[in-house]
Amino acid sequence: MILPLFVLTVAALQIHIIEEYQMGFAPAMSRLFGIPWSEKSFLMVFALVGPTIYTLTSLGLYYRIPIAGFVAWFIFIGPGVAEFTHFIFPLIAPDLFPHNPHPITGSIKGSVIENMPNFYYKTTGKYYFPGMWTAILPMIPGCFAIIRLRVFWKKTL
């Protein structure tokens, strides 16, 4: 029942991750929260490990393996619902040089993070944060899956 919605959510999530990578999500988050998150670690998690988990979860859903249902719920709730946070990020002053509109390179907890852009609305005058344009894509099938599963459970109780 949820396999098609899971696959749609994951496909939309991958499109979203492309925008995040292209627009500098990891270094922007590093600057925003003062965390050492490199583009390499972003790619490792979201472009390599994530799709492996999504593929295995799809197989698990097909064969009705319970842990796959748990992972699917995690994806429906996490990327499926929580993507709205991208619309809040431009309103948060970065931990690192919030009034400097230019990208910076610096060491955070021993890791050098290059080209950390500033997307703070009050500094740039632009309301954008990497991933914001496509954040809604995984939310549509993710939220629909949650609603559909909730209705299904009510009918079976």
# chains A, B, ... in the order shown; residues from 1 in each chain; ligands from 1
call {"tool": "residues_around", "arguments": {"residues": "region 49-53 of chain A", "least_positions_apart": "4", "cutoff": "9 Å", "atoms": "only C-alpha atoms", "output": "PDB file with N, CA, C and O atoms, in the first residue's frame"}}
result
ATOM      1  N   VAL A  10      10.732   9.530  -1.933  1.00  0.00           N
ATOM      2  CA  VAL A  10      12.186   9.440  -2.074  1.00  0.00           C
ATOM      3  C   VAL A  10      12.654  10.113  -3.364  1.00  0.00           C
ATOM      4  O   VAL A  10      13.664  10.810  -3.372  1.00  0.00           O
ATOM      5  N   GLN A  14      15.181  13.260  -3.520  1.00  0.00           N
ATOM      6  CA  GLN A  14      16.435  13.320  -4.271  1.00  0.00           C
ATOM      7  C   GLN A  14      16.509  14.583  -5.130  1.00  0.00           C
ATOM      8  O   GLN A  14      17.570  15.193  -5.241  1.00  0.00           O
ATOM      9  N   LEU A  43      27.382  14.954   0.822  1.00  0.00           N
ATOM     10  CA  LEU A  43      27.241  13.996  -0.279  1.00  0.00           C
ATOM     11  C   LEU A  43      27.268  12.559   0.222  1.00  0.00           C
ATOM     12  O   LEU A  43      26.510  11.711  -0.256  1.00  0.00           O
ATOM     13  N   MET A  44      28.134  12.278   1.179  1.00  0.00           N
ATOM     14  CA  MET A  44      28.231  10.919   1.710  1.00  0.00           C
ATOM     15  C   MET A  44      26.892  10.472   2.303  1.00  0.00           C
ATOM     16  O   MET A  44      26.403   9.383   2.014  1.00  0.00           O
ATOM     17  N   VAL A  45      26.296  11.343   3.094  1.00  0.00           N
ATOM     18  CA  VAL A  45      25.052  10.984   3.772  1.00  0.00           C
ATOM     19  C   VAL A  45      23.862  10.998   2.816  1.00  0.00           C
ATOM     20  O   VAL A  45      23.113  10.018   2.723  1.00  0.00           O
ATOM     21  N   THR A  57      14.939  -0.152   1.735  1.00  0.00           N
ATOM     22  CA  THR A  57      13.614   0.029   2.326  1.00  0.00           C
ATOM     23  C   THR A  57      12.524  -0.323   1.319  1.00  0.00           C
ATOM     24  O   THR A  57      11.526  -0.958   1.666  1.00  0.00           O
ATOM     25  N   SER A  58      12.716   0.067   0.072  1.00  0.00           N
ATOM     26  CA  SER A  58      11.743  -0.287  -0.974  1.00  0.00           C
ATOM     27  C   SER A  58      11.603  -1.800  -1.094  1.00  0.00           C
ATOM     28  O   SER A  58      10.488  -2.318  -1.175  1.00  0.00           O
ATOM     29  N   VAL A  71      11.327   2.546   8.740  1.00  0.00           N
ATOM     30  CA  VAL A  71      12.159   3.476   7.960  1.00  0.00           C
ATOM     31  C   VAL A  71      11.278   4.343   7.069  1.00  0.00           C
ATOM     32  O   VAL A  71      11.512   5.553   6.939  1.00  0.00           O
TER      33      VAL A  71
END
call {"tool": "residues_around", "arguments": {"residues": "Gly125 (chain A)", "least_positions_apart": "5", "cutoff": "10 Å", "atoms": "only C-alpha atoms", "output": "PyMOL selection string"}}
result
chain A and resi 90+101+119-120
call {"tool": "write_last_selection", "arguments": {"atoms": "N, CA, C and O atoms", "output": "CSV table (one decimal), in the first residue's frame"}}
result
chain,number,residue,atom,x,y,z
A,90,PRO,N,16.1,31.4,6.6
A,90,PRO,CA,16.5,32.7,6.2
A,90,PRO,C,16.3,33.8,7.3
A,90,PRO,O,16.8,34.9,7.2
A,101,PRO,N,27.8,39.7,4.1
A,101,PRO,CA,27.0,39.0,3.1
A,101,PRO,C,27.8,38.1,2.2
A,101,PRO,O,27.2,37.3,1.5
A,119,PHE,N,22.8,33.4,4.1
A,119,PHE,CA,21.4,33.5,3.5
A,119,PHE,C,20.5,34.2,4.5
A,119,PHE,O,19.3,34.1,4.4
A,120,TYR,N,21.1,35.0,5.4
A,120,TYR,CA,20.3,35.7,6.4
A,120,TYR,C,19.6,36.9,5.7
A,120,TYR,O,20.2,37.8,5.1
call {"tool": "select_by_dssp", "arguments": {"residues": "chain A", "states": "alpha helix (DSSP H)", "output": "PyMOL selection string"}}
result
chain A and resi 3-23+25-33+39-42+50-62+66-81+121-124+136-156
call {"tool": "select_by_dssp", "arguments": {"residues": "region 10-157 of chain A", "states": "strand (DSSP E)", "output": "PyMOL selection string"}}
result
chain A and resi 104-108+111-116
call {"tool": "residues_around", "arguments": {"residues": "Ala82 (chain A)", "least_positions_apart": "5", "cutoff": "12 Å", "atoms": "only C-alpha atoms", "output": "PDB file with N, CA, C and O atoms, in the first residue's frame"}}
result
ATOM      1  N   LEU A  13      12.520  13.696  -2.768  1.00  0.00           N
ATOM      2  CA  LEU A  13      13.594  14.046  -1.842  1.00  0.00           C
ATOM      3  C   LEU A  13      14.926  14.151  -2.581  1.00  0.00           C
ATOM      4  O   LEU A  13      15.717  15.059  -2.317  1.00  0.00           O
ATOM      5  N   PHE A  74       9.828   7.047   9.064  1.00  0.00           N
ATOM      6  CA  PHE A  74      10.882   8.028   9.344  1.00  0.00           C
ATOM      7  C   PHE A  74      11.032   8.998   8.171  1.00  0.00           C
ATOM      8  O   PHE A  74      11.144  10.212   8.368  1.00  0.00           O
ATOM      9  N   ILE A  75      10.998   8.467   6.946  1.00  0.00           N
ATOM     10  CA  ILE A  75      11.116   9.313   5.757  1.00  0.00           C
ATOM     11  C   ILE A  75       9.859  10.163   5.572  1.00  0.00           C
ATOM     12  O   ILE A  75       9.945  11.348   5.239  1.00  0.00           O
ATOM     13  N   PHE A  76       8.679   9.584   5.784  1.00  0.00           N
ATOM     14  CA  PHE A  76       7.446  10.355   5.629  1.00  0.00           C
ATOM     15  C   PHE A  76       7.396  11.515   6.625  1.00  0.00           C
ATOM     16  O   PHE A  76       6.965  12.620   6.284  1.00  0.00           O
ATOM     17  N   ILE A  77       7.820  11.277   7.854  1.00  0.00           N
ATOM     18  CA  ILE A  77       7.760  12.317   8.885  1.00  0.00           C
ATOM     19  C   ILE A  77       8.918  13.294   8.755  1.00  0.00           C
ATOM     20  O   ILE A  77       8.719  14.505   8.831  1.00  0.00           O
ATOM     21  N   PHE A  87      11.967  27.177   5.248  1.00  0.00           N
ATOM     22  CA  PHE A  87      11.365  28.506   5.155  1.00  0.00           C
ATOM     23  C   PHE A  87      11.669  29.362   6.387  1.00  0.00           C
ATOM     24  O   PHE A  87      11.439  30.567   6.381  1.00  0.00           O
ATOM     25  N   ILE A  88      12.185  28.731   7.443  1.00  0.00           N
ATOM     26  CA  ILE A  88      12.537  29.442   8.671  1.00  0.00           C
ATOM     27  C   ILE A  88      14.001  29.872   8.647  1.00  0.00           C
ATOM     28  O   ILE A  88      14.356  30.925   9.187  1.00  0.00           O
ATOM     29  N   MET A 132      15.024  25.483  -0.404  1.00  0.00           N
ATOM     30  CA  MET A 132      13.707  26.072  -0.148  1.00  0.00           C
ATOM     31  C   MET A 132      12.755  25.933  -1.343  1.00  0.00           C
ATOM     32  O   MET A 132      11.565  25.708  -1.166  1.00  0.00           O
ATOM     33  N   ALA A 135      11.556  22.211  -1.363  1.00  0.00           N
ATOM     34  CA  ALA A 135      11.210  21.597  -0.067  1.00  0.00           C
ATOM     35  C   ALA A 135       9.809  20.985  -0.073  1.00  0.00           C
ATOM     36  O   ALA A 135       9.570  19.973   0.585  1.00  0.00           O
ATOM     37  N   ILE A 136       8.930  21.571  -0.814  1.00  0.00           N
ATOM     38  CA  ILE A 136       7.540  21.094  -0.835  1.00  0.00           C
ATOM     39  C   ILE A 136       7.398  19.748  -1.556  1.00  0.00           C
ATOM     40  O   ILE A 136       6.466  18.990  -1.285  1.00  0.00           O
ATOM     41  N   LEU A 137       8.327  19.441  -2.471  1.00  0.00           N
ATOM     42  CA  LEU A 137       8.195  18.219  -3.279  1.00  0.00           C
ATOM     43  C   LEU A 137       8.070  16.941  -2.452  1.00  0.00           C
ATOM     44  O   LEU A 137       7.128  16.180  -2.658  1.00  0.00           O
ATOM     45  N   PRO A 138       8.984  16.659  -1.496  1.00  0.00           N
ATOM     46  CA  PRO A 138       8.799  15.432  -0.711  1.00  0.00           C
ATOM     47  C   PRO A 138       7.672  15.540   0.314  1.00  0.00           C
ATOM     48  O   PRO A 138       7.168  14.528   0.803  1.00  0.00           O
ATOM     49  N   MET A 139       7.255  16.759   0.616  1.00  0.00           N
ATOM     50  CA  MET A 139       6.173  16.941   1.577  1.00  0.00           C
ATOM     51  C   MET A 139       4.834  16.455   1.021  1.00  0.00           C
ATOM     52  O   MET A 139       4.011  15.931   1.769  1.00  0.00           O
ATOM     53  N   ILE A 140       4.624  16.604  -0.268  1.00  0.00           N
ATOM     54  CA  ILE A 140       3.328  16.241  -0.867  1.00  0.00           C
ATOM     55  C   ILE A 140       3.056  14.738  -0.732  1.00  0.00           C
ATOM     56  O   ILE A 140       2.078  14.351  -0.092  1.00  0.00           O
ATOM     57  N   GLY A 142       4.758  12.591   1.055  1.00  0.00           N
ATOM     58  CA  GLY A 142       4.992  12.188   2.440  1.00  0.00           C
ATOM     59  C   GLY A 142       3.782  12.435   3.325  1.00  0.00           C
ATOM     60  O   GLY A 142       3.353  11.554   4.082  1.00  0.00           O
ATOM     61  N   CYS A 143       3.205  13.606   3.221  1.00  0.00           N
ATOM     62  CA  CYS A 143       2.006  13.926   4.008  1.00  0.00           C
ATOM     63  C   CYS A 143       0.813  13.086   3.552  1.00  0.00           C
ATOM     64  O   CYS A 143       0.021  12.620   4.375  1.00  0.00           O
TER      65      CYS A 143
END
call {"tool": "closest_residue", "arguments": {"among": "A:Glu20, A:Thr124, A:Met116, A:Phe129", "to": "Thr85 (chain A)", "atoms": "only C-alpha atoms"}}
result
A:Phe129
call {"tool": "residues_around", "arguments": {"residues": "Ile18 (chain A)", "least_positions_apart": "4", "cutoff": "10 Å", "atoms": "only C-alpha atoms", "output": "number ranges by chain"}}
result
A: 13-14, 22-23, 25, 43, 46-47, 130-131, 134
call {"tool": "closest_residue", "arguments": {"among": "A:Phe84, A:Phe70, A:Tyr63, A:Trp133", "to": "Ile17 (chain A)", "atoms": "only C-alpha atoms"}}
result
A:Trp133
call {"tool": "closest_residue", "arguments": {"among": "A:Ile2, A:Leu56, A:Ile113, A:Ile108", "to": "Arg148 (chain A)", "atoms": "only C-alpha atoms"}}
result
A:Ile2
call {"tool": "closest_residue", "arguments": {"among": "A:Pro141, A:Pro66, A:Gly24, A:Pro98", "to": "Ser38 (chain A)", "atoms": "only C-alpha atoms"}}
result
A:Gly24
call {"tool": "residues_around", "arguments": {"residues": "Ser30 (chain A)", "least_positions_apart": "3", "cutoff": "12 Å", "atoms": "only C-alpha atoms", "output": "ChimeraX atom specification"}}
result
/A:24-27,33-39,41-42,94-97,103-109,111-119
call {"tool": "atom_distance", "arguments": {"atom1": "CA of Ala72 (chain A)", "atom2": "CA of Leu32 (chain A)"}}
result
29.2 Å
call {"tool": "closest_residue", "arguments": {"among": "A:Phe89, A:Ile147, A:Leu5, A:Met29", "to": "Leu61 (chain A)", "atoms": "only C-alpha atoms"}}
result
A:Leu5
call {"tool": "atom_distance", "arguments": {"atom1": "CA of Thr55 (chain A)", "atom2": "CA of Glu83 (chain A)"}}
result
21.1 Å
call {"tool": "atom_distance", "arguments": {"atom1": "CA of Gly80 (chain A)", "atom2": "CA of Ala145 (chain A)"}}
result
9.0 Å
